[in-house]
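Enquirer: Have a look at the structure that comes next, please.
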Amino acid sequence: MDHTATDRCVFGYVSFGFFADRFGRRPAFLTFVLATAFIVPVYGLLGRNAALLMLIGPLVGYFGHGYFSVMGAMMAELFPSVVRTTAQGFCYNIGRALAGLAPVTVGALADRWGIGAALGFTSIFFAAGAGIMLLLPETRGEELK
């Protein structure tokens with residue numbers, strides 16, 4: 001198993017928490033998810049250059065996984081305790097179910113238009129996530145109810 005890829009992801013998860021506590025959940029999430037929206041199609045378009053892939057790959061792992069750390073903290077702060085676990089489980093697992101369509105969708109798009117275009121399409125969903133985050137309240141420092 002390639003532990004270096006896992007290390008980049010873990011570093012993203014852990015450092016996201018520090019950024020979220022320092023700057024807020026929303027700014028940290030927006031930074032990570034918009035960086036991912038930019039980096040992923042670039043990574044796909046540069047697929048023929050091994051050196052560039054090696055340089056950009058750690059950024060994909062760092063930003064592309066780090067933003068998941070918002071799920072536990074922010075969702076716990078958004079929902080009242082009466083429905084907290086149910087609401088968190090529902091939101092997280094609906095997202096997982098929809099993400100299950102990603103491999104076949106990206107594969108079909110890559111087959112038709114190339115991997116760069118397919119990964120560019122995925123950036124739309126990262127940008128949509130950023131837009132949804134703008135609709136949610138900032139929860140940094142909020143007391144749980």
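So you can find residues: chains in the structure tokens are A, B, ... in the order shown, residues in each start at 1, and ligands are numbered from 1 in order.
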Write out as a list in words the residues lying within 10 Å of Leu134 (chain A), counting only C-alpha atoms and excluding same-chain residues fewer than 6 positions away.

Expert: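 Listing them by chain and then by number gives Arg26, Pro27, Leu30 and Ala128 of chain A.
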
Enquirer: Using DSSP on the backbone coordinates, identify the residues of chain A assigned to helix (DSSP H, G or I); present them as a PyMOL selection string.

Expert: chain A and resi 3-23+25-45+50-78+84-99+102-113+115-135

Enquirer: Could you write those residues out with C-alpha atoms, as a compact mmCIF listing (two decimals), in the first residue's frame?

Expert:
# COMPACT_ATOMS: atom_id res chain seq x y z
CA HIS A 3 1.39 5.20 2.53
CA THR A 4 2.45 8.53 1.02
CA ALA A 5 -0.98 9.02 -0.60
CA THR A 6 -2.64 8.16 2.71
CA ASP A 7 -0.34 10.57 4.53
CA ARG A 8 -1.37 13.48 2.26
CA CYS A 9 -5.03 12.75 2.93
CA VAL A 10 -4.52 12.51 6.69
CA PHE A 11 -2.52 15.75 6.66
CA GLY A 12 -5.43 17.41 4.84
CA TYR A 13 -7.96 16.06 7.34
CA VAL A 14 -5.97 17.17 10.36
CA SER A 15 -4.88 20.58 9.08
CA PHE A 16 -8.44 21.37 7.96
CA GLY A 17 -9.49 21.25 11.62
CA PHE A 18 -6.87 23.81 12.56
CA PHE A 19 -7.91 26.12 9.71
CA ALA A 20 -11.60 25.71 10.56
CA ASP A 21 -10.99 26.59 14.21
CA ARG A 22 -8.79 29.55 13.32
CA PHE A 23 -10.70 31.06 10.37
CA ARG A 25 -15.78 26.40 9.00
CA ARG A 26 -17.05 28.21 5.93
CA PRO A 27 -13.77 29.89 4.86
CA ALA A 28 -11.80 26.69 5.44
CA PHE A 29 -14.29 24.61 3.45
CA LEU A 30 -14.43 27.15 0.63
CA THR A 31 -10.65 27.25 0.39
CA PHE A 32 -10.30 23.47 0.28
CA VAL A 33 -13.20 22.74 -2.07
CA LEU A 34 -12.45 25.57 -4.51
CA ALA A 35 -8.77 24.60 -4.58
CA THR A 36 -9.93 21.07 -5.42
CA ALA A 37 -12.25 22.39 -8.14
CA PHE A 38 -9.27 24.11 -9.74
CA ILE A 39 -6.62 21.42 -9.21
CA VAL A 40 -8.54 18.29 -10.30
CA PRO A 41 -9.10 19.24 -13.97
CA VAL A 42 -5.55 20.59 -14.21
CA TYR A 43 -4.33 17.26 -12.88
CA GLY A 44 -6.41 15.45 -15.49
CA LEU A 45 -5.22 17.65 -18.35
CA ALA A 50 4.68 12.35 -15.10
CA ALA A 51 6.74 15.09 -13.42
CA LEU A 52 3.78 17.48 -13.24
CA LEU A 53 1.52 14.71 -11.95
CA MET A 54 4.02 14.04 -9.17
CA LEU A 55 4.06 17.74 -8.27
CA ILE A 56 0.31 18.27 -8.37
CA GLY A 57 -0.74 14.88 -6.96
CA PRO A 58 -0.02 15.80 -3.33
CA LEU A 59 -2.21 18.89 -3.68
CA VAL A 60 -5.06 16.78 -5.05
CA GLY A 61 -4.77 14.44 -2.06
CA TYR A 62 -4.44 17.27 0.46
CA PHE A 63 -7.27 19.52 -0.70
CA GLY A 64 -9.42 16.79 -2.25
CA HIS A 65 -9.77 14.92 1.03
CA GLY A 66 -9.19 17.56 3.68
CA TYR A 67 -12.55 19.24 3.28
CA PHE A 68 -14.34 16.07 4.49
CA SER A 69 -13.30 17.06 8.02
CA VAL A 70 -16.05 19.68 8.05
CA MET A 71 -18.70 16.97 8.12
CA GLY A 72 -18.46 15.96 11.75
CA ALA A 73 -17.84 19.38 13.25
CA MET A 74 -20.17 21.54 11.23
CA MET A 75 -23.06 19.11 10.96
CA ALA A 76 -22.99 18.56 14.72
CA GLU A 77 -23.23 22.33 15.13
CA LEU A 78 -26.06 22.76 12.58
CA ARG A 84 -28.40 15.43 15.40
CA THR A 85 -27.32 11.83 14.78
CA THR A 86 -30.18 11.06 12.40
CA ALA A 87 -29.65 14.26 10.44
CA GLN A 88 -25.89 13.77 10.22
CA GLY A 89 -26.27 10.17 9.13
CA PHE A 90 -28.90 11.07 6.54
CA CYS A 91 -26.88 13.95 5.03
CA TYR A 92 -23.61 12.05 4.99
CA ASN A 93 -25.06 8.88 3.51
CA ILE A 94 -27.17 10.60 0.85
CA GLY A 95 -23.92 12.21 -0.27
CA ARG A 96 -22.19 8.84 -0.29
CA ALA A 97 -25.01 7.27 -2.31
CA LEU A 98 -24.86 10.00 -4.93
CA ALA A 99 -21.06 9.84 -5.00
CA ALA A 102 -19.22 9.31 -9.86
CA PRO A 103 -17.02 6.49 -11.22
CA VAL A 104 -19.45 5.47 -13.96
CA THR A 105 -20.20 9.10 -14.82
CA VAL A 106 -16.56 10.15 -14.98
CA GLY A 107 -15.73 7.01 -16.97
CA ALA A 108 -18.48 7.68 -19.50
CA LEU A 109 -17.50 11.34 -19.85
CA ALA A 110 -13.82 10.45 -20.17
CA ASP A 111 -14.62 7.89 -22.84
CA ARG A 112 -16.50 10.49 -24.85
CA TRP A 113 -14.55 13.73 -24.24
CA ILE A 115 -10.26 12.62 -18.84
CA GLY A 116 -9.53 16.36 -18.58
CA ALA A 117 -13.09 17.21 -19.60
CA ALA A 118 -14.52 14.54 -17.31
CA LEU A 119 -12.60 15.83 -14.32
CA GLY A 120 -13.53 19.37 -15.31
CA PHE A 121 -17.15 18.26 -15.07
CA THR A 122 -16.53 17.07 -11.51
CA SER A 123 -15.34 20.58 -10.68
CA ILE A 124 -18.90 21.75 -11.19
CA PHE A 125 -19.89 19.66 -8.18
CA PHE A 126 -17.06 21.07 -6.06
CA ALA A 127 -18.19 24.58 -7.01
CA ALA A 128 -21.80 23.61 -6.19
CA GLY A 129 -20.61 22.46 -2.77
CA ALA A 130 -19.01 25.86 -2.26
CA GLY A 131 -22.28 27.53 -3.24
CA ILE A 132 -24.27 25.41 -0.80
CA MET A 133 -21.79 26.24 1.96
CA LEU A 134 -22.52 29.93 1.39
CA LEU A 135 -26.16 29.23 2.29

Enquirer: Given the choices A:Gly24, A:Arg140, A:Lys145, A:Arg48, which gets closest to Val83 (chain A) if the distance is worked out from only C-alpha atoms?

Expert: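 Smallest separation from Val83 (chain A) among the options: A:Lys145.
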